[in-house]
Structures are given as C-alpha cells and as structure tokens.
Amino acid sequence: MKETPLSNCERRFLLRAIEEKKRLDGRQTYDYRNIRISFGTDYGCCIVELGKTRVLGQVSCELVSPKLNRATEGILFFNLELSQMAAPAFEPGRQSDLLVKLNRLLERCLRNSKCIDTESLCVVAGEKVWQIRVDLHLLNHDGNIIDAASIAAIVALCHFRRPDVSVQGDEVTLYAPEERDPVPLSIHHMPICVSFAFFQQGTYLLVDPHEREERVMDGLLVIAMNKHREICTLQSSGGIMLLKEQVLRCSKIAGVKVAEITELIQKALENDQKVRKEGGKFGFAESIANQRITAFKMEKAPVDTCDVEEKAEEIIAEAEPPAEVVSKPVLWTPGTAQIGEGVENSWGDPDDSEKEDDDEGGSDEAVIFDSIKMDTEIEVSNTGSQDAPIVLSDSEEEEMIILEPDKNPKKIRIQTINAKQEKAPSKRPVRKRKKKRAAN
C-alpha cells in the first residue's frame, strides 16, 4: 500500500512554518523529541521511544565457527525490520531501498566503528566464537528511524548478558544463568546517530525531523558520534550540496546531543540494574504507568463543574419553546379521513381484489352466465312468455336448447370463456344472432 502523498496546501504550510522557525509539535530548530527507554524481563530486550517512533531491540547469542580470515574474533550481525504495523507503506517480505540503506548505516555505525570488542567473544581460536545478533523491529513510524534504531541497538547491547563459558582441554562447558552469572559484553564506546534535515537547498536546518518534515525535506545528513566527539560515520543523502561550515556546525550540534543521550542511556541502565538487584518489579508491563491502557496518553483538560446546574437552568429559560404541531385530518373521499402521514396501504387496490375473488371461487360459471345472458333475453322475448330452460355445466363446451312452438329445437354451442380473457369477443356472436332473428 502506497503512502498518502501530502497535498500542496500541507506542503506549503510546512515550508512556510520552517521559514518562520516554527514546527508542528512546538519544538525549536535544534530540539530533540522526548526519549524514553524501557527494558524487558530478559537481558538484551528494550524499547526506545523517540516521540511517537518506537523501536524494539532484542539481542541473542550463539556459539558458531569463526570466519577463516578472522579466527579469533566474534561475529556481529544487525537486522532491522520495517513491518506494516509501523506504517502501511512498508511492504512485508520485500527489502525496500530505505531498509537496505538503514541496515548498511547501522553496520557502519556500530560494527565498523569497533564499539564492541569482538576478540573478547572468542571461546576457542579457530573453532568456537560467539555470534551476537541484534534484531530491531520498528513498532511505530513517526520519522527519524535511524536515530531511534541506533539508540535501541546500543542500549540492547549494553543491557545484554551472555552465558558464561569454561574451556577444559577440548571440552567447552556452557553454564546456565542459575549456575553462573551471565557476562556483559565489552563495549568501548557508544556511537549514536543524529539526523539533520535541510530545506530550501540547505537554507534551513532542523534536528530530529518527524515524518511530515521528512516528506518535504530536500536532503538529510546523518552523523554518528560518541561522547568523546569522535565521528564514527557520516552520510549525506538527497543530492544537495553542503558547505564545509554547514557540516562543522552540524557536528558541533551532534556532539551536544550525543552527550545528552549517552547520559540518559547510562541512567536508564543504572536504574534497571538497581531494580533487579533489589528484587523489585521490572519489565515492559511495569514500565507502563498506572491507569493507562496504552503507552500514549492525552493530557487532562481541567473542566469547571461548579455552576453546571445554574447554567443549565439559564440556558433552558432563554431557549425558545418548541412550536406545537397539530395534525389536520385529510379527507380523501366522502366518509373517510386520515390524520398524520400514515403508512402505505397494504390492502391493495379494491378492483384488483375483486378480480382475484372472481378468479378463485366459481368464476367459470359466473363468466358463462354473463356471456349468455343477452342471448337468452332476446330469444325469450321472441318466443313470447314461454320460459327457455338453460342448462349450465362445468364442461368446456355447453349445449343450450331453446323450445319454440311448431319448430324444431335448435342447439347452440357456446365455448366457455376464460376469466382472464377479455369480454369483447363474447359480444360478437350476439350481434350476428340479432340479425338472424330480425330476418326471421
């Protein structure tokens, strides 16, 4: 799923605010968002929150064979995953260009800077070494992924403890945490990435851009530095040309920010170690404050409820009363009336109901009688006062016998007419018979 692009109005608004040295979240130009670090129950598990950007870090270890060209050094492996849970634009099972760039930058920042003593990870030279794997999962994306990922990686490595190992001859014994205390990793320094976003071809500079600011920026400069002001790596992207003074200015700002973040990390590690030694509660569940369901919380707004009843009475007194609606009867036909709108008539048309009744019960005899009625009246008037018996039956063809004096009886066959057919064809033979009677 592709991300929703910014409209022209939003883009112009963001650029105009940056020109006026204002940001959407109220920060100043060189301000970082709030950083919060929480640890899990196991060693090497942590969650770093940079504003609303959240990254989960997990470190694991395994005894493997070393590389041929480095028989006495352990192996470091970093893996960053961008899931759709963080943002809908991230596609699962596919390495995007952004993911490849972030993984390479993490390896350059942490592994190539030699922040961890890899020789201390060797157990038996040329046979057994520790492979340290750092898995980073992006839980929520709100901009500046690389800074949050670098902080989560170094915090997880500092918090991790590997099992203790003893070697006797050719035997390698691995001890459980209950038998021997786990051993922390040997860390020389803590490199941390600091991102700088440039706008209007390098005219304006922002530190720690969030997601909307990243969409409208022209270029990005990432500086990885430790608290000793040693630059571990530097990367520029976006195709903008930066001056030497701009790079030096960013490096000075990065030195200040890295010192603050390093102090925050050390305090978080000390507090967690102190809680574990005292036997207190620790873990992700304990790090969430009471009376909070999620990690994000809206600030409470004060509401004055002292004069609520009096204000309600005033509002009711000032409000206009509703207009009285009186329903008038509607006369459809004489003798009937309707009040209100009512509902649709469910009885149907009376003409249709009469037709249905004629079709259902004994309709054949009634139709036959109607079709023969005119013939019988004419014949009876011609024959005088004598009655003409008519025999009706249910058969399709009927015989009508007319008794006339001094004449042979005539037989007239009349075919029954279906009730659904029209009555016009039944009148045509009647007209012919009138002409015949007149001729006689």
# chains A, B, ... in the order shown; residues from 1 in each chain; ligands from 1
>>> residues_around(residues="Gln246 in chain A", least_positions_apart="5", cutoff="10 Å", atoms="only C-alpha atoms", output="PDB file with N, CA and C atoms, in the first residue's frame")
ATOM      1  N   GLY A 202      19.350  23.705   1.497  1.00  0.00           N
ATOM      2  CA  GLY A 202      20.322  23.925   2.560  1.00  0.00           C
ATOM      3  C   GLY A 202      20.187  25.237   3.299  1.00  0.00           C
ATOM      4  N   THR A 203      19.144  26.002   3.001  1.00  0.00           N
ATOM      5  CA  THR A 203      18.990  27.297   3.675  1.00  0.00           C
ATOM      6  C   THR A 203      18.556  27.118   5.118  1.00  0.00           C
ATOM      7  N   LEU A 205      17.682  24.442   8.501  1.00  0.00           N
ATOM      8  CA  LEU A 205      18.164  23.209   9.114  1.00  0.00           C
ATOM      9  C   LEU A 205      17.274  22.848  10.293  1.00  0.00           C
ATOM     10  N   SER A 251      28.189  19.060  13.135  1.00  0.00           N
ATOM     11  CA  SER A 251      28.980  18.193  14.005  1.00  0.00           C
ATOM     12  C   SER A 251      29.022  18.734  15.434  1.00  0.00           C
TER      13      SER A 251
END
>>> residues_around(residues="Leu138 in chain A", least_positions_apart="6", cutoff="12 Å", atoms="only C-alpha atoms", output="ChimeraX atom specification")
/A:47-50,52-58,79-87,90,99,102,144-150,152-153
>>> write_last_selection(atoms="N, CA and C atoms", output="mmCIF file, in the first residue's frame")
data_model
loop_
_atom_site.group_PDB
_atom_site.id
_atom_site.type_symbol
_atom_site.label_atom_id
_atom_site.label_comp_id
_atom_site.auth_asym_id
_atom_site.auth_seq_id
_atom_site.Cartn_x
_atom_site.Cartn_y
_atom_site.Cartn_z
ATOM 1 N N ILE A 47 12.841 -1.275 24.583
ATOM 2 C CA ILE A 47 12.025 -0.477 23.677
ATOM 3 C C ILE A 47 12.442 0.978 23.843
ATOM 4 N N VAL A 48 12.759 1.616 22.724
ATOM 5 C CA VAL A 48 13.155 3.025 22.712
ATOM 6 C C VAL A 48 12.068 3.812 21.993
ATOM 7 N N GLU A 49 11.590 4.860 22.650
ATOM 8 C CA GLU A 49 10.559 5.730 22.083
ATOM 9 C C GLU A 49 11.176 7.095 21.842
ATOM 10 N N LEU A 50 11.195 7.505 20.591
ATOM 11 C CA LEU A 50 11.641 8.832 20.189
ATOM 12 C C LEU A 50 10.416 9.587 19.706
ATOM 13 N N LYS A 52 6.872 9.600 18.979
ATOM 14 C CA LYS A 52 5.957 8.501 18.687
ATOM 15 C C LYS A 52 6.603 7.406 17.848
ATOM 16 N N THR A 53 7.871 7.556 17.525
ATOM 17 C CA THR A 53 8.609 6.499 16.834
ATOM 18 C C THR A 53 9.101 5.493 17.869
ATOM 19 N N ARG A 54 8.714 4.238 17.699
ATOM 20 C CA ARG A 54 9.043 3.204 18.688
ATOM 21 C C ARG A 54 9.797 2.072 17.995
ATOM 22 N N VAL A 55 10.905 1.652 18.626
ATOM 23 C CA VAL A 55 11.745 0.573 18.089
ATOM 24 C C VAL A 55 11.996 -0.432 19.202
ATOM 25 N N LEU A 56 11.781 -1.709 18.886
ATOM 26 C CA LEU A 56 12.055 -2.804 19.810
ATOM 27 C C LEU A 56 13.391 -3.438 19.445
ATOM 28 N N GLY A 57 14.279 -3.543 20.439
ATOM 29 C CA GLY A 57 15.583 -4.156 20.222
ATOM 30 C C GLY A 57 15.740 -5.440 21.023
ATOM 31 N N GLN A 58 16.264 -6.490 20.387
ATOM 32 C CA GLN A 58 16.463 -7.779 21.038
ATOM 33 C C GLN A 58 17.808 -8.347 20.602
ATOM 34 N N ASN A 79 20.084 -6.563 12.117
ATOM 35 C CA ASN A 79 18.931 -6.759 11.227
ATOM 36 C C ASN A 79 17.811 -5.834 11.671
ATOM 37 N N LEU A 80 17.386 -4.971 10.780
ATOM 38 C CA LEU A 80 16.277 -4.041 11.026
ATOM 39 C C LEU A 80 15.101 -4.450 10.161
ATOM 40 N N GLU A 81 13.925 -4.519 10.743
ATOM 41 C CA GLU A 81 12.710 -4.911 10.030
ATOM 42 C C GLU A 81 11.691 -3.787 10.116
ATOM 43 N N LEU A 82 11.104 -3.495 8.961
ATOM 44 C CA LEU A 82 10.047 -2.487 8.862
ATOM 45 C C LEU A 82 8.744 -3.212 8.556
ATOM 46 N N SER A 83 7.873 -3.311 9.519
ATOM 47 C CA SER A 83 6.626 -4.049 9.351
ATOM 48 C C SER A 83 5.486 -3.091 9.024
ATOM 49 N N GLN A 84 4.395 -3.651 8.510
ATOM 50 C CA GLN A 84 3.218 -2.844 8.200
ATOM 51 C C GLN A 84 2.528 -2.326 9.450
ATOM 52 N N MET A 85 2.838 -2.906 10.593
ATOM 53 C CA MET A 85 2.276 -2.385 11.830
ATOM 54 C C MET A 85 2.796 -0.977 12.110
ATOM 55 N N ALA A 86 4.021 -0.685 11.676
ATOM 56 C CA ALA A 86 4.591 0.635 11.889
ATOM 57 C C ALA A 86 4.004 1.668 10.942
ATOM 58 N N ALA A 87 3.832 1.294 9.673
ATOM 59 C CA ALA A 87 3.270 2.199 8.671
ATOM 60 C C ALA A 87 2.731 1.357 7.524
ATOM 61 N N PHE A 90 4.996 0.297 4.303
ATOM 62 C CA PHE A 90 6.032 -0.734 4.325
ATOM 63 C C PHE A 90 5.442 -2.063 3.852
ATOM 64 N N LEU A 99 15.101 0.310 3.581
ATOM 65 C CA LEU A 99 15.554 -0.718 4.523
ATOM 66 C C LEU A 99 17.020 -1.078 4.290
ATOM 67 N N LEU A 102 19.196 1.757 5.643
ATOM 68 C CA LEU A 102 19.247 1.801 7.102
ATOM 69 C C LEU A 102 20.122 0.687 7.668
ATOM 70 N N ASN A 144 12.472 9.802 11.519
ATOM 71 C CA ASN A 144 13.806 9.642 12.106
ATOM 72 C C ASN A 144 14.009 8.219 12.645
ATOM 73 N N ILE A 145 13.895 7.242 11.745
ATOM 74 C CA ILE A 145 14.040 5.840 12.139
ATOM 75 C C ILE A 145 15.480 5.534 12.547
ATOM 76 N N ILE A 146 16.452 6.102 11.842
ATOM 77 C CA ILE A 146 17.840 5.722 12.070
ATOM 78 C C ILE A 146 18.310 6.123 13.465
ATOM 79 N N ASP A 147 17.877 7.286 13.955
ATOM 80 C CA ASP A 147 18.287 7.695 15.302
ATOM 81 C C ASP A 147 17.710 6.763 16.358
ATOM 82 N N ALA A 148 16.430 6.461 16.242
ATOM 83 C CA ALA A 148 15.797 5.568 17.216
ATOM 84 C C ALA A 148 16.392 4.166 17.136
ATOM 85 N N ALA A 149 16.698 3.685 15.926
ATOM 86 C CA ALA A 149 17.259 2.337 15.772
ATOM 87 C C ALA A 149 18.674 2.264 16.349
ATOM 88 N N SER A 150 19.488 3.299 16.144
ATOM 89 C CA SER A 150 20.848 3.281 16.689
ATOM 90 C C SER A 150 20.832 3.316 18.209
ATOM 91 N N ALA A 152 18.364 2.192 20.135
ATOM 92 C CA ALA A 152 17.861 0.888 20.593
ATOM 93 C C ALA A 152 18.937 -0.187 20.476
ATOM 94 N N ALA A 153 19.739 -0.151 19.428
ATOM 95 C CA ALA A 153 20.780 -1.172 19.238
ATOM 96 C C ALA A 153 21.857 -1.061 20.312
#
>>> closest_residue(among="A:Leu185, A:Ala71, A:Val155, A:Val222", to="Ser237 in chain A", atoms="only C-alpha atoms")
A:Val222
>>> atom_distance(atom1="CA of Glu119 in chain A", atom2="CA of Thr72 in chain A")
6.0 Å
>>> closest_residue(among="A:Leu98, A:Leu63, A:Met225, A:Val258", to="Cys115 in chain A", atoms="only C-alpha atoms")
A:Met225
>>> select_by_dssp(residues="range 122-237 of chain A", states="helix (DSSP H, G or I)", output="PyMOL selection string")
chain A and resi 145-159+211-216
>>> select_by_dssp(residues="range 177-253 of chain A", states="strand (DSSP E)", output="list of chain:residue names")
A:Val183, A:Pro184, A:Ile192, A:Cys193, A:Val194, A:Ser195, A:Phe196, A:Ala197, A:Phe198, A:Phe199, A:Tyr204, A:Leu205, A:Leu206, A:Val207, A:Gly219, A:Leu220, A:Leu221, A:Val222, A:Ile223, A:Ala224, A:Met225, A:Ile231, A:Cys232, A:Thr233, A:Leu234, A:Gln235, A:Ser236, A:Ser237
>>> closest_residue(among="A:Gly169, A:Pro209, A:Pro321, A:Pro182", to="Tyr32 in chain A", atoms="only C-alpha atoms")
A:Pro209
>>> residues_around(residues="Met217 in chain A", least_positions_apart="5", cutoff="8 Å", atoms="only C-alpha atoms", output="list in words")
Ala197, Phe198, Phe199 and Gln200 of chain A
>>> write_last_selection(atoms="all heavy atoms", output="short mmCIF file (atom, residue, chain, number, x, y, z; two decimals), in the first residue's frame")
data_model
loop_
_atom_site.label_atom_id
_atom_site.label_comp_id
_atom_site.auth_asym_id
_atom_site.auth_seq_id
_atom_site.Cartn_x
_atom_site.Cartn_y
_atom_site.Cartn_z
N ALA A 197 17.93 17.58 8.90
CA ALA A 197 17.14 17.74 7.67
C ALA A 197 17.36 19.15 7.13
O ALA A 197 17.31 20.13 7.90
CB ALA A 197 15.66 17.49 7.94
N PHE A 198 17.57 19.24 5.81
CA PHE A 198 17.81 20.54 5.15
C PHE A 198 16.63 20.86 4.24
O PHE A 198 16.09 19.97 3.56
CB PHE A 198 19.11 20.50 4.35
CG PHE A 198 20.34 20.40 5.20
CD1 PHE A 198 20.89 19.17 5.52
CD2 PHE A 198 20.94 21.54 5.71
CE1 PHE A 198 22.02 19.07 6.31
CE2 PHE A 198 22.06 21.46 6.50
CZ PHE A 198 22.61 20.23 6.81
N PHE A 199 16.28 22.14 4.20
CA PHE A 199 15.16 22.62 3.40
C PHE A 199 15.62 23.82 2.57
O PHE A 199 16.56 24.53 2.96
CB PHE A 199 13.98 23.03 4.29
CG PHE A 199 13.49 21.92 5.19
CD1 PHE A 199 14.07 21.71 6.43
CD2 PHE A 199 12.47 21.08 4.79
CE1 PHE A 199 13.63 20.69 7.26
CE2 PHE A 199 12.02 20.05 5.62
CZ PHE A 199 12.61 19.87 6.85
N GLN A 200 14.93 24.02 1.45
CA GLN A 200 15.23 25.13 0.55
C GLN A 200 16.71 25.13 0.15
O GLN A 200 17.41 26.14 0.26
CB GLN A 200 14.86 26.47 1.21
CG GLN A 200 13.41 26.58 1.65
CD GLN A 200 12.44 26.61 0.48
OE1 GLN A 200 12.85 26.85 -0.66
NE2 GLN A 200 11.16 26.36 0.74
#
>>> closest_residue(among="A:Pro177, A:Gly283, A:Gly255, A:Pro88", to="Ile231 in chain A", atoms="only C-alpha atoms")
A:Gly255
>>> atom_distance(atom1="CA of Gln28 in chain A", atom2="CA of Gly238 in chain A")
23.3 Å
>>> closest_residue(among="A:Cys232, A:Cys250, A:Cys158, A:Leu76", to="Gln273 in chain A", atoms="only C-alpha atoms")
A:Cys158
>>> atom_distance(atom1="CA of Glu178 in chain A", atom2="CA of Lys267 in chain A")
26.9 Å
